[in-house]
Amino acid sequence: KKKTAKKMPADIPADVAAARAKLKAKMGDVRTGGKGTARRTKVVKHAHTTTDDKQLQAQLKRLGCNQIPGIEECNMFKEDGSVIHFNNPKVQAAVGSNTFVINGVGETKAMEELLPGIINQLGPDSMMALKRMAESYAAKQAEVKAGDEDDIPEIGENFEDVS
């Protein structure tokens, strides 16, 4: 038998035929054998985070980091006034090299959200941000009070004259 190439029907638009030809050229070498054999399956490589974590732990051990137990929260204050908050982090420290490692899920929060509990953690820079926050809050309260006085209607008559 003579092999003939499949001809595309005449009613197929040219752009569809070009796309099919391009796809056929791209997928031409995906079979491991001849016609009728299964296509080659793509090998999916799974990224294992456990190996990365083990390598990181080995490097930290080499630095002499020891785990510090009993830390319930960790807050990192940023220059823009926001706070990176870690709840129940895994903290390791190498005091000799002044290296601290905080491992956990961090959330970026505004300082106002954490305020009552973090006042004792604030440094001089954060205290200035807190002072600015208090001033802006006081200004807002003054605006609200000034706005409330305008809402009181004026009474045109004198009550003493009426009685």
# chains A, B, ... in the order shown; residues from 1 in each chain; ligands from 1
call {"tool": "residues_around", "arguments": {"residues": "Ser97 of chain A", "least_positions_apart": "4", "cutoff": "9 Å", "atoms": "only C-alpha atoms", "output": "PyMOL selection string"}}
result
chain A and resi 63-64+93
call {"tool": "atom_distance", "arguments": {"atom1": "atom CA of Ile102 of chain A", "atom2": "atom CA of Pro124 of chain A"}}
result
22.8 Å
call {"tool": "residues_around", "arguments": {"residues": "Gly104 of chain A", "least_positions_apart": "6", "cutoff": "12 Å", "atoms": "only C-alpha atoms", "output": "CSV table (one decimal) with N, CA, C and O atoms, in the first residue's frame"}}
result
chain,number,residue,atom,x,y,z
A,71,ILE,N,8.5,31.5,72.9
A,71,ILE,CA,8.2,32.8,72.3
A,71,ILE,C,6.9,32.7,71.7
A,71,ILE,O,6.6,31.9,70.8
A,72,GLU,N,5.9,33.6,72.1
A,72,GLU,CA,4.6,33.5,71.6
A,72,GLU,C,4.3,34.4,70.4
A,72,GLU,O,3.5,34.0,69.6
A,73,GLU,N,5.0,35.5,70.3
A,73,GLU,CA,4.8,36.4,69.2
A,73,GLU,C,6.1,37.2,68.9
A,73,GLU,O,7.0,37.3,69.8
A,74,CYS,N,6.2,37.6,67.7
A,74,CYS,CA,7.4,38.4,67.3
A,74,CYS,C,6.9,39.5,66.4
A,74,CYS,O,6.1,39.3,65.5
A,75,ASN,N,7.3,40.8,66.7
A,75,ASN,CA,6.9,41.9,65.9
A,75,ASN,C,8.1,42.6,65.3
A,75,ASN,O,9.1,42.9,66.0
A,84,ILE,N,5.4,43.8,60.9
A,84,ILE,CA,5.3,42.4,60.5
A,84,ILE,C,5.1,41.6,61.7
A,84,ILE,O,6.0,41.6,62.6
A,85,HIS,N,4.0,40.9,61.9
A,85,HIS,CA,3.6,40.2,63.1
A,85,HIS,C,3.7,38.7,62.9
A,85,HIS,O,3.1,38.2,61.9
A,86,PHE,N,4.5,38.0,63.7
A,86,PHE,CA,4.5,36.6,63.7
A,86,PHE,C,3.9,36.0,64.9
A,86,PHE,O,4.2,36.4,66.0
A,87,ASN,N,2.9,35.1,64.7
A,87,ASN,CA,2.2,34.5,65.9
A,87,ASN,C,2.8,33.1,66.1
A,87,ASN,O,2.8,32.3,65.1
A,88,ASN,N,3.3,32.8,67.2
A,88,ASN,CA,4.0,31.5,67.6
A,88,ASN,C,5.1,31.2,66.6
A,88,ASN,O,5.0,30.1,65.9
A,89,PRO,N,6.1,32.0,66.5
A,89,PRO,CA,7.2,31.7,65.6
A,89,PRO,C,8.2,30.7,66.2
A,89,PRO,O,8.2,30.5,67.4
A,90,LYS,N,9.0,30.1,65.3
A,90,LYS,CA,10.1,29.3,65.7
A,90,LYS,C,11.3,30.2,65.6
A,90,LYS,O,11.7,30.7,64.5
A,91,VAL,N,11.9,30.5,66.8
A,91,VAL,CA,13.0,31.5,66.8
A,91,VAL,C,14.3,30.8,67.2
A,91,VAL,O,14.3,30.0,68.1
A,92,GLN,N,15.4,31.0,66.4
A,92,GLN,CA,16.7,30.5,66.7
A,92,GLN,C,17.7,31.7,66.7
A,92,GLN,O,17.5,32.7,66.0
call {"tool": "atom_distance", "arguments": {"atom1": "atom CA of Asn103 of chain A", "atom2": "atom CA of Leu60 of chain A"}}
result
12.1 Å
call {"tool": "select_by_dssp", "arguments": {"residues": "segment 30-113 of chain A", "states": "strand (DSSP E or B)", "output": "PyMOL selection string"}}
result
chain A and resi 31+39+66-68+73-77+82-87+90-94+99-103+106-110
call {"tool": "write_last_selection", "arguments": {"atoms": "C-alpha atoms", "output": "PDB file, in the first residue's frame"}}
result
ATOM      1  CA  ARG A  31       5.828   9.447  20.340  1.00  0.00           C
ATOM      2  CA  ARG A  39       2.794   9.377  23.563  1.00  0.00           C
ATOM      3  CA  ASN A  66      20.033  27.287  69.060  1.00  0.00           C
ATOM      4  CA  GLN A  67      16.268  27.305  69.312  1.00  0.00           C
ATOM      5  CA  ILE A  68      14.742  29.684  71.840  1.00  0.00           C
ATOM      6  CA  GLU A  73       4.827  36.407  69.197  1.00  0.00           C
ATOM      7  CA  CYS A  74       7.384  38.436  67.308  1.00  0.00           C
ATOM      8  CA  ASN A  75       6.908  41.924  65.869  1.00  0.00           C
ATOM      9  CA  MET A  76       9.217  43.593  63.362  1.00  0.00           C
ATOM     10  CA  PHE A  77       8.644  47.336  63.015  1.00  0.00           C
ATOM     11  CA  SER A  82       3.599  49.049  59.653  1.00  0.00           C
ATOM     12  CA  VAL A  83       4.456  45.926  61.646  1.00  0.00           C
ATOM     13  CA  ILE A  84       5.323  42.401  60.480  1.00  0.00           C
ATOM     14  CA  HIS A  85       3.616  40.225  63.086  1.00  0.00           C
ATOM     15  CA  PHE A  86       4.549  36.554  63.653  1.00  0.00           C
ATOM     16  CA  ASN A  87       2.238  34.499  65.863  1.00  0.00           C
ATOM     17  CA  LYS A  90      10.115  29.313  65.705  1.00  0.00           C
ATOM     18  CA  VAL A  91      13.021  31.504  66.833  1.00  0.00           C
ATOM     19  CA  GLN A  92      16.680  30.493  66.671  1.00  0.00           C
ATOM     20  CA  ALA A  93      19.640  32.585  67.739  1.00  0.00           C
ATOM     21  CA  ALA A  94      23.407  32.578  67.451  1.00  0.00           C
ATOM     22  CA  THR A  99      22.156  36.338  64.180  1.00  0.00           C
ATOM     23  CA  PHE A 100      18.477  35.679  64.834  1.00  0.00           C
ATOM     24  CA  VAL A 101      16.250  33.481  62.671  1.00  0.00           C
ATOM     25  CA  ILE A 102      12.465  33.836  62.806  1.00  0.00           C
ATOM     26  CA  ASN A 103      10.530  31.094  61.078  1.00  0.00           C
ATOM     27  CA  GLY A 106       4.232  36.704  58.981  1.00  0.00           C
ATOM     28  CA  GLU A 107       1.373  39.146  58.528  1.00  0.00           C
ATOM     29  CA  THR A 108       1.882  42.817  57.693  1.00  0.00           C
ATOM     30  CA  LYS A 109      -0.418  44.860  59.896  1.00  0.00           C
ATOM     31  CA  ALA A 110      -0.879  48.518  60.736  1.00  0.00           C
TER      32      ALA A 110
END
